[in-house]
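Student: I'd like to ask you about the structure that follows.
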Protein chains: 2
Amino acid sequence: MENVTIRMLAEKLQLSTATISKALNNSHEISEETRKRVQELAKELNYVPNPYASSLRKKSSKTIAVVIPEVADSFFAEAINGIEAVAKEKGYHVLIYLTHENSQQEQAILNDFQSGRVDGILISVTMETAASEHGLAHLSKELPIVFFDRVCEELPTARVTTNDKEAAFIATRHLIERGCRNIGLLAASQQLSIIRQRISGYEKALKEAGLPLSPNAVTYYTNDTVGNYKKVCETLRQHRFDGIIATTEKLATSVYEACETLGIRMPDELKVVGFSNLSTARFLQPSLTTVAQPAFEMGKTAATLLFRSLKNNHFPLAHQQVEIPSQLVIRQSTAV
Amino acid sequence: MENVTIRMLAEKLQLSTATISKALNNSHEISEETRKRVQELAKELNYVPNPYASSLRKKSSKTIAVVIPEVADSFFAEAINGIEAVAKEKGYHVLIYLTHENSQQEQAILNDFQSGRVDGILISVTMETAASEHGLAHLSKELPIVFFDRVCEELPTARVTTNDKEAAFIATRHLIERGCRNIGLLAASQQLSIIRQRISGYEKALKEAGLPLSPNAVTYYTNDTVGNYKKVCETLRQHRFDGIIATTEKLATSVYEACETLGIRMPDELKVVGFSNLSTARFLQPSLTTVAQPAFEMGKTAATLLFRSLKNNHFPLAHQQVEIPSQLVIRQSTAV
DNA sequence: CATAGTTACTTAATCGGTTAAGTAAATAAA
DNA sequence: TTTATTTACTTAACCGATTAAGTAACTATG
C-alpha cells in the first residue's frame, strides 16, 4: 500500500495539490465546503503529511534536540519528562542524544545540527566541555539553544539552573549544625560551572562557621564509575571526614558503597548530603539527606523558553537566566 | 550566514550538483581527484547535508522511534542507553516518545509514523494496550517494529523479553524456601503479557510447593501512583502476606512506603522480591532482593534486530523471539 | 457602466538533495 | 580504421509538501 500523499487527495477530489495543502492548513483562500471535503477525505484515508517534505520547504522541522550526558540518572530522566511534556503540548518531536560525558561526541552531535535537523537545542554539557573550544558559540548564532543544569556561563544564551551555590551553602551549614567539623566535597569536574558554584557555596559556609578550608577537602571525579568508587574509598580513608557533600547522584551512591566496604557507620561516623533526585533516597540505609533538584521543572522551564524563542524570533533568549531553587530534604544520613 | 548546500559547493568547484552528491557518496562514477577536491571543500566549509532533503528523496530517514511509557524508570532508562549505543554506531537518530501508560496517546504517536518519519520502531507498550484494538498490527506491515519487554504476543513481529515466567517462578520459590506460606503478587496490569507470564510463573511455584492459590493474592494496579500506594497499603493490611512479589519497580518502592506506614517489619514480617533495576537496591533498608532484568542488553538486542531488518529487507523479523534471562539477586529483604 | 476588489481556485517554482538517463572524450576491441 | 566500451561527468526529473504569482468568475464601488 502506497503512502497517502497530497497528490492522491488532489486526484480523488479533482483539485490541485495547492488547494489540498491550503485546505488542510485552514487557509482562508479555500471555501468552507472544499475545506470540509478535503479534510474529510484526509481523515478517511488517514493522510499524514510527510514531515520531510514540509520540513524541507518550510525550513523548520518541528523537532528539538535534547543533548545530555546520560539517561540513567534520575535528574536527566526527570528532566526529559519535563521537556517531553512541553514538546508534546506544542506538537514538537524530541530527538535524544547521549554524550556519555565525552565532549568529542558532544561536538560531533552538535556539528550535525548545522544541517537544520532541529529547530532548537536543549543541552546539559559534559563534564569535559570547555566553552571556548566549543562549536556551541558558533551554533548558538544559528539556532536557539537553552542550557539546563550544566550550563556554559560564557555563552550568551538562556540558562536554567538551580540555586547551586545557595543549596550547597545550606547543605554545608546543615552538616556543620549537625556537628561536622571536617567536611569533604566530592566534585564531579573542575570544568562544570554548577560544580564550581557548589564548591563556592560550600566554602562560604565553612568560612562563615570559622572552619578551615583544608587543601584536599575537595576531590574531583571523572566519568569512570569504578575509578570514582576507588577514589572515594581512598578519600574517605585518608581524610577521616565527618561530613561529605556528594555533588552528583552517582557519587552519593559511591559513598554508600565505600562506607560499606570501609566499615564506616553513617551517620555516626560520617554524615552525608547528596545532590540527588533518587526516588529511593528515603528508603536507603540510612535514608539520604538530599539536595533535591527540581529536575522536572527545570526541563519544563528550559523547553518553555526554547519554544517561546521559536515562536517569537525577537524573544531575548540571551537574557533568560532562570534559577529554580532546590530543596534540602533532611533524612537520617545527617542525623546526630 | 547561509547554510552550506550542495549547490554552493557545485558553484565553487564549477561542477554540477550531481557530481558533488556522487563525490560525497563515494560513487565510482567520480574520479579520485574530483572526489578529493569535493570532500576537502566540504570539510573546509563544514558542509552538513540537509537530512530532510535526502530523507525525502531516499524515503529513508536514518531515524528510529523509541516508544515507551516513561523514562523515569531504571529499566527504560537503561534500555534507552542500550538502544542509543547501537543507534549511534549505525549512524541513526533516536526519537523518544512517552506514552505515559496511555494507550490513546500511544495510538496517536503510532499514527504519526504513517508519514515515514521513522524507518523503524522500538516499542514497549502501555499497560492499557490491547493488541486487537491497535493500529500496531497495520503499522507493522509498513514498518519494522521490535517489541521489547512489554510485548504484544498477538502480533507476528520481533520480541525481546526476559524470562518473565521463569524469573517469577524462581523468585516465588525463593520466597517459599525462605519460609513464606502466604505470598501475594502485585501486578501492574491484566493486559500486559509479561505480567501474565510472571503470574503464571508465580502460580507454578505455588503449585509445586503445594501451596494454595488464594483468590485475591494477585492484585492489579494502574498508572495512578497515589492510588497504587493506597491499594498496596490496603492489600498488605487485609491479607497479612508473609511474602510479596512486586512486578514493577514502582510497586516495589510502594511496598517500602506502605511497610513504613503500616509498621510492617521487613524482612521479619514480610519478605519482598521486586522486579527492578534500581541501582540503589543494595543500599535500601532493607536491601531489596531483586529480579534484575537485563535492561541495557534488551535495548541493545532490540535495536540490533531492528537494524538488521533495516539493512536486509528479507530478515525474518517475525521469527525473532529473543529471551534474555533475568537474575535473582538475593538481599536482605528476603532474609530469614 | 467601467473599474477595482474579492473569492476560490490553479500553475509553477521551490526547498536540497538523489538518481535515471544522456553525452562527450578517451580507451579498448574487432 | 571503425565500432564498442568505459570514464567522468552533466542534465533533468523527482521526492511531497508549501507558497508566490496568476486567473477566471463574481461582487462591490465610484
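Residue numbers start at 1 in each chain; chains themselves are named A, B, ... in the order of the C-alpha cells; ligands are numbered from 1 in the order shown.
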Compute the chain D side of the contact with chain A at 7 Å, counting only C-alpha atoms (C1' of nucleotides), and hand it back as a PyMOL selection string.

Tutor: chain D and resi 16-18

Student: Just need the residues of chain C within 7 Å of chain A, counting only C-alpha atoms (C1' of nucleotides), so spit them out as a PyMOL selection string.

Tutor: chain C and resi 8+10+15

Student: Specify as number ranges by chain all residues of chain B found within 7 Å of chain A, counting only C-alpha atoms.

Tutor: B: 48-53, 55-56, 71-72, 74, 77-78, 81, 94-96, 112, 114-117, 283-285

Student: Generate the output file for the selected residues, C-alpha atoms, as a tab-separated table (two decimals), in the first residue's frame.

Tutor:
chain	number	residue	atom	x	y	z
B	48	VAL	CA	26.45	19.03	6.53
B	49	PRO	CA	23.84	17.56	4.20
B	50	ASN	CA	20.26	18.55	4.78
B	51	PRO	CA	18.71	15.42	6.25
B	52	TYR	CA	15.23	16.34	5.14
B	53	ALA	CA	16.16	16.71	1.51
B	55	SER	CA	15.13	11.68	3.50
B	56	LEU	CA	12.51	12.98	1.15
B	71	VAL	CA	11.73	7.49	31.19
B	72	ALA	CA	11.97	7.92	34.91
B	74	SER	CA	15.57	2.46	35.70
B	77	ALA	CA	16.41	4.47	31.12
B	78	GLU	CA	18.88	1.63	30.81
B	81	ASN	CA	21.03	3.52	26.84
B	94	VAL	CA	16.61	8.37	18.02
B	95	LEU	CA	13.25	9.99	18.56
B	96	ILE	CA	11.80	9.41	22.01
B	112	ASP	CA	2.12	9.77	13.04
B	114	GLN	CA	2.40	6.52	8.80
B	115	SER	CA	4.18	9.53	7.40
B	116	GLY	CA	7.55	7.88	7.03
B	117	ARG	CA	9.03	9.94	9.80
B	283	PHE	CA	21.51	0.20	49.74
B	284	LEU	CA	17.83	0.17	50.61
B	285	GLN	CA	16.61	-0.56	54.09

Student: Please extract the residues of range 56-190 of chain A with a backbone DSSP assignment of alpha helix (DSSP H) and present them as a PDB file with C-alpha atoms, in the first residue's frame.

Tutor:
ATOM      1  CA  LEU A  56      12.448  20.876   3.597  1.00  0.00           C
ATOM      2  CA  ARG A  57      10.168  23.502   2.240  1.00  0.00           C
ATOM      3  CA  LYS A  58       9.397  25.363   5.413  1.00  0.00           C
ATOM      4  CA  SER A  74      17.195  10.416  37.932  1.00  0.00           C
ATOM      5  CA  PHE A  75      17.915  14.047  37.257  1.00  0.00           C
ATOM      6  CA  PHE A  76      18.145  13.686  33.498  1.00  0.00           C
ATOM      7  CA  ALA A  77      15.331  11.192  33.305  1.00  0.00           C
ATOM      8  CA  GLU A  78      13.016  13.583  35.108  1.00  0.00           C
ATOM      9  CA  ALA A  79      14.251  16.499  33.053  1.00  0.00           C
ATOM     10  CA  ILE A  80      13.398  14.621  29.853  1.00  0.00           C
ATOM     11  CA  ASN A  81       9.990  14.048  31.300  1.00  0.00           C
ATOM     12  CA  GLY A  82       9.503  17.764  31.750  1.00  0.00           C
ATOM     13  CA  ILE A  83      10.834  18.541  28.302  1.00  0.00           C
ATOM     14  CA  GLU A  84       8.673  15.943  26.657  1.00  0.00           C
ATOM     15  CA  ALA A  85       5.577  17.251  28.375  1.00  0.00           C
ATOM     16  CA  VAL A  86       6.048  20.683  26.843  1.00  0.00           C
ATOM     17  CA  ALA A  87       7.159  19.344  23.479  1.00  0.00           C
ATOM     18  CA  LYS A  88       4.104  17.134  23.172  1.00  0.00           C
ATOM     19  CA  GLU A  89       1.851  20.031  24.021  1.00  0.00           C
ATOM     20  CA  LYS A  90       3.458  22.144  21.303  1.00  0.00           C
ATOM     21  CA  SER A 103      32.999  16.290  24.726  1.00  0.00           C
ATOM     22  CA  GLN A 104      34.144  14.997  21.364  1.00  0.00           C
ATOM     23  CA  GLN A 105      30.968  13.025  20.946  1.00  0.00           C
ATOM     24  CA  GLU A 106      29.091  16.102  22.020  1.00  0.00           C
ATOM     25  CA  GLN A 107      30.914  18.132  19.422  1.00  0.00           C
ATOM     26  CA  ALA A 108      30.062  15.653  16.689  1.00  0.00           C
ATOM     27  CA  ILE A 109      26.404  15.693  17.670  1.00  0.00           C
ATOM     28  CA  LEU A 110      26.272  19.468  17.700  1.00  0.00           C
ATOM     29  CA  ASN A 111      28.007  19.664  14.367  1.00  0.00           C
ATOM     30  CA  ASP A 112      25.237  17.636  12.801  1.00  0.00           C
ATOM     31  CA  LEU A 136      28.432  25.859  20.703  1.00  0.00           C
ATOM     32  CA  ALA A 137      29.246  29.533  20.459  1.00  0.00           C
ATOM     33  CA  HIS A 138      29.003  29.422  16.700  1.00  0.00           C
ATOM     34  CA  LEU A 139      25.933  27.203  16.676  1.00  0.00           C
ATOM     35  CA  SER A 140      24.097  29.476  19.063  1.00  0.00           C
ATOM     36  CA  LYS A 141      24.054  32.126  16.375  1.00  0.00           C
ATOM     37  CA  GLU A 142      22.187  29.847  14.029  1.00  0.00           C
ATOM     38  CA  ASP A 164      23.619  25.625  43.187  1.00  0.00           C
ATOM     39  CA  LYS A 165      25.673  27.924  45.325  1.00  0.00           C
ATOM     40  CA  GLU A 166      22.992  28.562  47.876  1.00  0.00           C
ATOM     41  CA  ALA A 167      21.911  24.948  48.001  1.00  0.00           C
ATOM     42  CA  ALA A 168      25.481  23.845  48.672  1.00  0.00           C
ATOM     43  CA  PHE A 169      25.771  26.566  51.270  1.00  0.00           C
ATOM     44  CA  ILE A 170      22.650  25.372  53.040  1.00  0.00           C
ATOM     45  CA  ALA A 171      23.708  21.750  52.798  1.00  0.00           C
ATOM     46  CA  THR A 172      27.119  22.516  54.256  1.00  0.00           C
ATOM     47  CA  ARG A 173      25.675  24.652  57.005  1.00  0.00           C
ATOM     48  CA  HIS A 174      23.315  21.803  57.794  1.00  0.00           C
ATOM     49  CA  LEU A 175      26.270  19.450  58.234  1.00  0.00           C
ATOM     50  CA  ILE A 176      28.002  21.974  60.439  1.00  0.00           C
ATOM     51  CA  GLU A 177      24.894  22.369  62.561  1.00  0.00           C
TER      52      GLU A 177
END

Student: As number ranges by chain, please: all residues of range 29-216 of chain A that backbone DSSP puts in strand (DSSP E).

Tutor: A: 63-68, 93-98, 120-123, 145-148, 158-162, 183-187

Student: List as a VMD selection string the protein and nucleic acid residues near DT23 in chain C, meaning an atom at most 12 Å away when only C-alpha atoms (C1' of nucleotides) are counted, but skip any in the same chain fewer than 5 places from it.

Tutor: chain D and resid 7 to 11
